[in-house]
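S.K.: What follows is target-v9.cif, mmCIF, C-alpha atoms.
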```cif
data_upload
#
loop_
_atom_site.label_atom_id
_atom_site.label_comp_id
_atom_site.auth_asym_id
_atom_site.auth_seq_id
_atom_site.Cartn_x
_atom_site.Cartn_y
_atom_site.Cartn_z
CA MET A 38 -149.80 2.70 -34.28
CA ALA A 39 -147.58 4.06 -31.53
CA THR A 40 -148.39 2.97 -27.99
CA GLY A 41 -147.69 4.32 -24.54
CA ARG A 42 -144.75 2.00 -24.00
CA SER A 43 -142.76 3.31 -26.96
CA HIS A 44 -142.38 6.85 -25.69
CA ARG A 45 -142.19 8.79 -22.43
CA PRO A 46 -143.07 12.49 -22.21
CA ALA A 47 -140.05 14.77 -22.54
CA THR A 48 -141.15 17.33 -19.95
CA ARG A 49 -138.64 16.30 -17.28
CA SER A 50 -135.67 16.17 -19.63
CA ARG A 51 -136.59 19.63 -20.95
CA GLY A 52 -136.65 21.00 -17.41
CA ILE A 53 -140.29 22.07 -17.36
CA PRO A 54 -141.41 22.59 -13.73
CA GLU A 55 -144.13 20.28 -12.41
CA ALA A 56 -146.33 23.30 -11.62
CA THR A 57 -146.17 24.32 -15.28
CA VAL A 58 -146.93 20.77 -16.41
CA ALA A 59 -150.02 20.79 -14.17
CA ARG A 60 -151.27 23.95 -15.91
CA LEU A 61 -150.68 22.78 -19.49
CA PRO A 62 -153.96 20.79 -19.61
CA LEU A 63 -155.82 23.94 -18.52
CA TYR A 64 -154.31 25.89 -21.40
CA LEU A 65 -155.03 23.05 -23.81
CA ARG A 66 -158.68 22.90 -22.77
CA ALA A 67 -159.10 26.66 -23.28
CA LEU A 68 -157.26 26.56 -26.61
CA THR A 69 -159.32 23.61 -27.84
CA ALA A 70 -162.50 25.58 -27.12
CA LEU A 71 -161.09 28.52 -29.12
CA SER A 72 -160.09 26.21 -31.96
CA GLU A 73 -163.61 24.76 -32.12
CA ARG A 74 -164.91 28.31 -32.54
CA SER A 75 -162.35 28.92 -35.35
CA VAL A 76 -160.56 31.65 -33.38
CA PRO A 77 -157.16 32.09 -35.09
CA THR A 78 -155.19 33.98 -32.43
CA VAL A 79 -155.51 34.80 -28.75
CA SER A 80 -153.77 37.27 -26.44
CA SER A 81 -152.05 36.13 -23.28
CA GLU A 82 -154.60 38.04 -21.20
CA GLU A 83 -157.58 36.37 -22.91
CA LEU A 84 -156.07 32.90 -22.71
CA ALA A 85 -155.01 33.38 -19.09
CA ALA A 86 -158.54 34.44 -18.13
CA ALA A 87 -160.02 31.41 -19.93
CA ALA A 88 -157.57 29.07 -18.12
CA GLY A 89 -158.00 30.73 -14.73
CA VAL A 90 -154.41 31.95 -14.26
CA ASN A 91 -152.71 35.33 -14.49
CA SER A 92 -151.12 36.41 -17.76
CA ALA A 93 -147.60 36.76 -16.34
CA LYS A 94 -147.66 33.13 -15.18
CA LEU A 95 -148.98 32.02 -18.58
CA ARG A 96 -146.20 33.81 -20.45
CA LYS A 97 -143.62 32.24 -18.12
CA ASP A 98 -145.12 28.77 -18.66
CA PHE A 99 -145.08 29.19 -22.44
CA SER A 100 -141.46 30.31 -22.36
CA TYR A 101 -140.55 26.77 -21.27
CA LEU A 102 -142.14 25.56 -24.50
CA GLY A 103 -140.20 28.08 -26.55
CA SER A 104 -143.41 29.88 -27.49
CA TYR A 105 -143.44 33.65 -26.98
CA GLY A 106 -146.29 34.82 -29.20
CA THR A 107 -146.20 37.87 -31.46
CA ARG A 108 -146.47 41.38 -30.06
CA GLY A 109 -149.74 42.97 -31.08
CA VAL A 110 -151.04 39.69 -32.50
CA GLY A 111 -150.90 37.14 -29.67
CA TYR A 112 -150.54 33.38 -29.90
CA ASP A 113 -151.48 31.19 -32.85
CA VAL A 114 -154.22 28.95 -31.43
CA GLU A 115 -153.69 25.91 -33.67
CA TYR A 116 -149.93 25.96 -33.23
CA LEU A 117 -150.26 26.17 -29.45
CA VAL A 118 -152.73 23.26 -29.45
CA TYR A 119 -150.14 21.20 -31.31
CA GLN A 120 -147.25 22.37 -29.13
CA ILE A 121 -148.95 21.59 -25.83
CA SER A 122 -150.41 18.31 -27.11
CA ARG A 123 -146.95 17.20 -28.20
CA GLU A 124 -145.41 18.23 -24.87
CA LEU A 125 -148.07 16.29 -22.95
CA GLY A 126 -147.58 13.25 -25.16
CA LEU A 127 -151.06 13.46 -26.65
CA THR A 128 -150.06 13.20 -30.29
CA GLN A 129 -149.96 9.40 -29.96
CA ASP A 130 -152.17 6.60 -28.71
CA TRP A 131 -152.07 5.81 -24.97
CA PRO A 132 -153.81 2.51 -24.13
CA VAL A 133 -155.35 2.57 -20.65
CA VAL A 134 -156.80 -0.17 -18.43
CA ILE A 135 -159.50 0.60 -15.89
CA VAL A 136 -159.59 -1.76 -12.91
CA GLY A 137 -162.79 -1.84 -10.85
CA ILE A 138 -165.99 -1.54 -12.88
CA GLY A 139 -168.44 -0.44 -10.24
CA ASN A 140 -170.44 2.77 -10.59
CA LEU A 141 -167.33 4.95 -10.81
CA GLY A 142 -165.39 2.63 -13.11
CA ALA A 143 -168.37 2.33 -15.45
CA ALA A 144 -168.75 6.11 -15.52
CA LEU A 145 -165.07 6.45 -16.43
CA ALA A 146 -165.45 3.84 -19.17
CA ASN A 147 -168.35 5.83 -20.62
CA TYR A 148 -166.45 9.12 -20.54
CA GLY A 149 -166.17 10.32 -24.12
CA GLY A 150 -163.23 12.63 -23.55
CA PHE A 151 -160.57 9.92 -23.47
CA ALA A 152 -160.43 9.26 -27.21
CA SER A 153 -160.37 12.94 -28.17
CA ARG A 154 -157.43 13.55 -25.82
CA GLY A 155 -155.14 10.74 -26.96
CA PHE A 156 -156.27 7.91 -24.67
CA ARG A 157 -157.79 4.58 -25.64
CA VAL A 158 -159.53 2.36 -23.10
CA ALA A 159 -157.82 -0.92 -23.94
CA ALA A 160 -159.55 -3.04 -21.30
CA LEU A 161 -161.99 -3.00 -18.39
CA ILE A 162 -161.04 -5.29 -15.49
CA ASP A 163 -163.08 -6.44 -12.49
CA ALA A 164 -162.66 -9.09 -9.79
CA ASP A 165 -166.32 -10.12 -9.84
CA PRO A 166 -166.73 -13.26 -12.02
CA ALA A 167 -170.35 -12.24 -12.67
CA MET A 168 -169.08 -9.12 -14.47
CA ALA A 169 -166.91 -11.06 -16.94
CA GLY A 170 -168.11 -10.67 -20.51
CA LYS A 171 -170.65 -7.94 -19.73
CA PRO A 172 -170.24 -4.97 -22.06
CA VAL A 173 -169.69 -1.54 -20.55
CA ALA A 174 -169.39 1.35 -23.00
CA GLY A 175 -169.18 -1.30 -25.72
CA ILE A 176 -166.17 -3.00 -24.13
CA PRO A 177 -166.53 -6.46 -22.53
CA VAL A 178 -165.37 -6.59 -18.91
CA GLN A 179 -162.54 -9.06 -18.26
CA HIS A 180 -161.61 -10.82 -15.03
CA THR A 181 -158.58 -9.72 -13.00
CA ASP A 182 -156.95 -13.10 -13.70
CA GLN A 183 -156.23 -11.74 -17.19
CA LEU A 184 -154.74 -8.45 -15.99
CA GLU A 185 -151.05 -9.17 -16.61
CA GLY A 186 -151.65 -10.69 -20.04
CA ILE A 187 -153.75 -7.71 -21.14
CA ILE A 188 -151.10 -5.22 -20.00
CA GLN A 189 -148.38 -7.06 -21.87
CA GLY A 190 -150.48 -7.68 -24.97
CA GLU A 191 -151.78 -4.11 -25.28
CA GLY A 192 -148.54 -2.42 -24.26
CA VAL A 193 -150.30 -0.58 -21.43
CA SER A 194 -148.30 1.86 -19.31
CA ILE A 195 -151.22 3.77 -17.72
CA GLY A 196 -153.62 2.14 -15.27
CA VAL A 197 -156.74 3.58 -13.63
CA ILE A 198 -157.74 2.17 -10.23
CA ALA A 199 -161.42 2.57 -9.33
CA THR A 200 -161.65 -0.27 -6.79
CA PRO A 201 -162.65 -0.12 -3.11
CA ALA A 202 -159.85 1.11 -0.84
CA GLY A 203 -159.08 -2.34 0.54
CA ALA A 204 -158.23 -3.77 -2.87
CA ALA A 205 -156.37 -0.79 -4.31
CA GLN A 206 -152.83 -1.56 -3.11
CA GLN A 207 -152.94 -5.16 -4.31
CA VAL A 208 -154.20 -4.01 -7.72
CA CYS A 209 -151.50 -1.35 -7.80
CA ASP A 210 -148.78 -3.90 -7.04
CA ARG A 211 -149.99 -6.14 -9.86
CA LEU A 212 -150.14 -3.25 -12.31
CA VAL A 213 -146.60 -2.17 -11.46
CA ALA A 214 -145.25 -5.73 -11.61
CA ALA A 215 -146.80 -6.12 -15.07
CA GLY A 216 -145.08 -2.99 -16.36
CA VAL A 217 -147.49 -0.11 -15.70
CA THR A 218 -145.51 3.02 -14.81
CA SER A 219 -148.31 5.61 -14.37
CA ILE A 220 -151.40 5.18 -12.22
CA LEU A 221 -154.50 7.32 -11.78
CA ASN A 222 -155.97 6.40 -8.40
CA PHE A 223 -159.64 7.01 -7.58
CA ALA A 224 -159.62 4.71 -4.54
CA PRO A 225 -159.78 6.57 -1.20
CA THR A 226 -156.37 5.41 -0.02
CA VAL A 227 -152.70 6.26 -0.41
CA LEU A 228 -150.75 3.90 -2.66
CA THR A 229 -147.14 2.86 -2.14
CA VAL A 230 -145.18 2.56 -5.39
CA PRO A 231 -141.50 2.12 -6.27
CA ASP A 232 -139.33 4.84 -7.79
CA GLY A 233 -140.11 5.46 -11.43
CA VAL A 234 -143.86 5.00 -11.04
CA ASP A 235 -146.04 8.12 -11.11
CA VAL A 236 -149.31 8.23 -9.18
CA ARG A 237 -152.02 10.88 -9.47
CA LYS A 238 -154.76 10.70 -6.85
CA VAL A 239 -158.33 11.88 -7.40
CA ASP A 240 -160.31 11.95 -4.14
CA LEU A 241 -163.77 13.48 -4.55
CA SER A 242 -164.48 13.44 -0.80
CA ILE A 243 -161.36 15.50 -0.08
CA GLU A 244 -162.32 18.04 -2.73
CA LEU A 245 -165.81 18.31 -1.21
CA GLN A 246 -164.32 18.76 2.26
CA ILE A 247 -162.14 21.60 0.99
CA LEU A 248 -165.22 23.23 -0.54
CA ALA A 249 -167.05 22.79 2.78
CA PHE A 250 -164.22 24.61 4.53
CA HIS A 251 -164.51 27.56 2.14
CA GLU A 252 -168.31 27.60 2.52
CA GLN A 253 -167.99 27.68 6.30
CA ARG A 254 -165.46 30.49 6.12
CA LYS A 255 -167.69 32.52 3.78
CA ALA A 256 -170.67 31.98 6.08
CA GLY A 257 -168.58 33.24 9.00
CA GLU A 258 -167.55 36.33 7.07
CA VAL A 259 -171.17 37.08 6.18
CA ALA A 260 -172.23 36.63 9.80
CA ALA A 261 -169.45 38.92 10.98
CA ALA A 262 -170.36 41.57 8.42
CA GLY A 263 -173.99 41.45 9.54
CA ALA A 264 -173.22 41.77 13.26
CA VAL A 265 -174.75 44.82 15.04
CA VAL A 266 -172.13 47.51 15.65
CA PRO A 267 -172.87 50.00 18.49
CA PRO A 268 -173.57 53.48 17.07
CA VAL A 269 -170.85 56.07 17.39
CA GLY A 270 -172.15 59.24 19.07
CA PRO A 271 -172.34 61.20 22.36
CA GLU A 272 -171.94 59.13 25.49
CA PRO A 273 -175.29 58.48 27.28
CA VAL A 274 -176.01 60.77 30.28
CA ALA A 275 -176.20 57.83 32.73
CA ALA A 276 -172.81 56.61 31.54
CA ARG A 277 -171.32 60.09 31.95
CA ARG A 278 -172.70 60.31 35.50
CA SER A 279 -171.33 56.87 36.36
CA SER A 280 -167.95 57.82 34.93
CA ALA A 281 -167.89 61.07 36.85
CA ALA A 282 -168.81 59.28 40.07
CA GLY A 283 -166.03 56.82 39.48
CA GLN A 284 -163.53 59.63 38.97
CA ASP A 285 -164.67 61.33 42.22
CA SER A 286 -164.25 58.15 44.22
CA ALA A 287 -160.90 57.52 42.62
CA THR A 288 -159.60 60.92 43.76
CA ASP A 289 -161.19 60.68 47.23
CA GLN A 290 -158.19 59.00 48.85
CA GLY A 291 -156.59 59.32 52.25
CA PRO A 292 -153.26 60.92 53.00
CA ASP A 293 -151.41 57.77 52.03
CA GLY A 294 -153.20 57.68 48.66
CA ASP A 295 -154.21 54.05 48.99
CA VAL A 296 -157.47 54.05 51.02
CA PRO A 297 -160.54 56.32 50.97
CA ALA A 298 -160.49 59.21 53.44
CA VAL A 299 -164.01 58.31 54.58
CA MET A 300 -164.90 54.66 55.10
CA PRO A 301 -168.53 53.55 54.93
CA THR A 302 -170.17 52.72 58.25
#
```
Turn the structure described in the file into structure tokens.
M.R.:
Amino acid sequence: MATGRSHRPATRSRGIPEATVARLPLYLRALTALSERSVPTVSSEELAAAAGVNSAKLRKDFSYLGSYGTRGVGYDVEYLVYQISRELGLTQDWPVVIVGIGNLGAALANYGGFASRGFRVAALIDADPAMAGKPVAGIPVQHTDQLEGIIQGEGVSIGVIATPAGAAQQVCDRLVAAGVTSILNFAPTVLTVPDGVDVRKVDLSIELQILAFHEQRKAGEVAAAGAVVPPVGPEPVAARRSSAAGQDSATDQGPDGDVPAVMPT
């Protein structure tokens, strides 16, 4: 069985932009849903709407894959699933280690989508000796002392860090030293890695803060839209009188034009 260490994705050598690479999983998810419903073909407009992008961007992205669809017919769903899966490197087995088996790490271990998307959880690692040997998602947790041996033995090139922030950099350094070249970081900290190592950061608190910003902005827009606007109509009589009085006093100037002709006593 092929492993992650035997092959690297060809996206960079083919010149596919990173922004396009980031959208390929969105297309694949939409296409997989269509495939499960036995939909044979899909138009660019339908697929773009399902993926949350505009159709012009989708067609541009697919042009990098050499897939242009058929006019009047659309794209072959099964072929596109294969094409994108191959481009993302999902037509082979990618062994993954998850380090840090707290609540988040255990939830990741129990996630059923890994296997169906080309990833195999090869090992669960934790620094707590009390966790060693305990099964999580049917996989026994192993101590961090065994980390390097597991990476070498399983041919792991992708590591997932779900540790507290204070331990994340040390775990990252050990993963890289053992040969891991791609890291998915759930720890709330920025990792420093050498050239040639890719890091993707998932920070739930940041995403929630961004949503809070948008909620605050929407609330402000609603408040502004509901503000009382003075009615447009004839000027009130009192205001007209006040204005007229002001005009009279403004024109009641002395010969030099800068002081009133009559001063109050």
S.K.: Kindly give the distance, in Å, that separates atom CA of Ala261 of chain A and atom CA of Ile247 of chain A, rounded to a single decimal.
M.R.: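 Atom CA of Ala261 of chain A sits 21.3 Å away from atom CA of Ile247 of chain A.
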S.K.: Which neighbours of segment 55-69 of chain A fall inside 12 Å, counting all atoms listed in the file, when residues of the same chain fewer than 5 positions from it are skipped, and could you give them as a PDB file with C-alpha atoms, in the frame of the given file?
M.R.:
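Heads up, here's the output in selection25.pdb:
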```pdb
ATOM      1  CA  PRO A  46    -143.070  12.490 -22.210  1.00  0.00           C
ATOM      2  CA  ALA A  47    -140.050  14.770 -22.540  1.00  0.00           C
ATOM      3  CA  THR A  48    -141.150  17.330 -19.950  1.00  0.00           C
ATOM      4  CA  ARG A  49    -138.640  16.300 -17.280  1.00  0.00           C
ATOM      5  CA  SER A  50    -135.670  16.170 -19.630  1.00  0.00           C
ATOM      6  CA  ARG A  74    -164.910  28.310 -32.540  1.00  0.00           C
ATOM      7  CA  SER A  75    -162.350  28.920 -35.350  1.00  0.00           C
ATOM      8  CA  VAL A  76    -160.560  31.650 -33.380  1.00  0.00           C
ATOM      9  CA  PRO A  77    -157.160  32.090 -35.090  1.00  0.00           C
ATOM     10  CA  THR A  78    -155.190  33.980 -32.430  1.00  0.00           C
ATOM     11  CA  VAL A  79    -155.510  34.800 -28.750  1.00  0.00           C
ATOM     12  CA  SER A  80    -153.770  37.270 -26.440  1.00  0.00           C
ATOM     13  CA  SER A  81    -152.050  36.130 -23.280  1.00  0.00           C
ATOM     14  CA  GLU A  83    -157.580  36.370 -22.910  1.00  0.00           C
ATOM     15  CA  LEU A  84    -156.070  32.900 -22.710  1.00  0.00           C
ATOM     16  CA  ALA A  85    -155.010  33.380 -19.090  1.00  0.00           C
ATOM     17  CA  ALA A  86    -158.540  34.440 -18.130  1.00  0.00           C
ATOM     18  CA  ALA A  87    -160.020  31.410 -19.930  1.00  0.00           C
ATOM     19  CA  ALA A  88    -157.570  29.070 -18.120  1.00  0.00           C
ATOM     20  CA  GLY A  89    -158.000  30.730 -14.730  1.00  0.00           C
ATOM     21  CA  VAL A  90    -154.410  31.950 -14.260  1.00  0.00           C
ATOM     22  CA  ASN A  91    -152.710  35.330 -14.490  1.00  0.00           C
ATOM     23  CA  SER A  92    -151.120  36.410 -17.760  1.00  0.00           C
ATOM     24  CA  LYS A  94    -147.660  33.130 -15.180  1.00  0.00           C
ATOM     25  CA  LEU A  95    -148.980  32.020 -18.580  1.00  0.00           C
ATOM     26  CA  ARG A  96    -146.200  33.810 -20.450  1.00  0.00           C
ATOM     27  CA  LYS A  97    -143.620  32.240 -18.120  1.00  0.00           C
ATOM     28  CA  ASP A  98    -145.120  28.770 -18.660  1.00  0.00           C
ATOM     29  CA  PHE A  99    -145.080  29.190 -22.440  1.00  0.00           C
ATOM     30  CA  SER A 100    -141.460  30.310 -22.360  1.00  0.00           C
ATOM     31  CA  TYR A 101    -140.550  26.770 -21.270  1.00  0.00           C
ATOM     32  CA  LEU A 102    -142.140  25.560 -24.500  1.00  0.00           C
ATOM     33  CA  TYR A 112    -150.540  33.380 -29.900  1.00  0.00           C
ATOM     34  CA  ASP A 113    -151.480  31.190 -32.850  1.00  0.00           C
ATOM     35  CA  VAL A 114    -154.220  28.950 -31.430  1.00  0.00           C
ATOM     36  CA  GLU A 115    -153.690  25.910 -33.670  1.00  0.00           C
ATOM     37  CA  TYR A 116    -149.930  25.960 -33.230  1.00  0.00           C
ATOM     38  CA  LEU A 117    -150.260  26.170 -29.450  1.00  0.00           C
ATOM     39  CA  VAL A 118    -152.730  23.260 -29.450  1.00  0.00           C
ATOM     40  CA  TYR A 119    -150.140  21.200 -31.310  1.00  0.00           C
ATOM     41  CA  GLN A 120    -147.250  22.370 -29.130  1.00  0.00           C
ATOM     42  CA  ILE A 121    -148.950  21.590 -25.830  1.00  0.00           C
ATOM     43  CA  SER A 122    -150.410  18.310 -27.110  1.00  0.00           C
ATOM     44  CA  ARG A 123    -146.950  17.200 -28.200  1.00  0.00           C
ATOM     45  CA  GLU A 124    -145.410  18.230 -24.870  1.00  0.00           C
ATOM     46  CA  LEU A 125    -148.070  16.290 -22.950  1.00  0.00           C
ATOM     47  CA  GLY A 126    -147.580  13.250 -25.160  1.00  0.00           C
ATOM     48  CA  LEU A 127    -151.060  13.460 -26.650  1.00  0.00           C
ATOM     49  CA  GLY A 150    -163.230  12.630 -23.550  1.00  0.00           C
ATOM     50  CA  SER A 153    -160.370  12.940 -28.170  1.00  0.00           C
ATOM     51  CA  ARG A 154    -157.430  13.550 -25.820  1.00  0.00           C
ATOM     52  CA  ARG A 237    -152.020  10.880  -9.470  1.00  0.00           C
TER      53      ARG A 237
END
```
S.K.: Kindly indicate which residue among A:Leu145, A:Ile188, A:Ile53, A:Val193 lies nearest to Asp130 of chain A, using all atoms listed in the file for the distances.
M.R.: A:Val193
S.K.: So how far away is atom CA of Gln246 of chain A from atom CA of Val136 of chain A, in Å?
M.R.: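 Those two atoms sit 26.0 Å apart.
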S.K.: Using the chain letters and numbers from the file, which residues does the PyMOL selection byres ((chain A and resi 175) around 12) grab, as a PyMOL selection string?
M.R.: chain A and resi 143+146-148+158-161+170-174+176-178
S.K.: Which residues fall under the PyMOL selection byres ((chain A and resi 164) around 9) in this file, as number ranges by chain?
M.R.: A: 136-138, 162-163, 165-169, 179-182
S.K.: Rounded to one decimal place, report the atom CA of Asn222 of chain A-atom CA of Ala70 of chain A distance in Å.
M.R.: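 Interatomic distance, atom CA of Asn222 of chain A to atom CA of Ala70 of chain A: 27.6 Å.
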S.K.: My list of candidates is A:Gly155, A:Gly192, A:Pro201, A:Gly186. Which is closest to Leu141 of chain A when distances are computed with all atoms listed in the file?
M.R.: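 Closest to Leu141 of chain A of all the choices is A:Pro201.
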S.K.: Measuring atom to atom with only C-alpha atoms, identify which of A:Gln189, A:Ser242, A:Gln253, A:Thr200 is nearest to Ala215 of chain A.
M.R.: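 Residue with the minimum atom-to-atom distance to Ala215 of chain A: A:Gln189.
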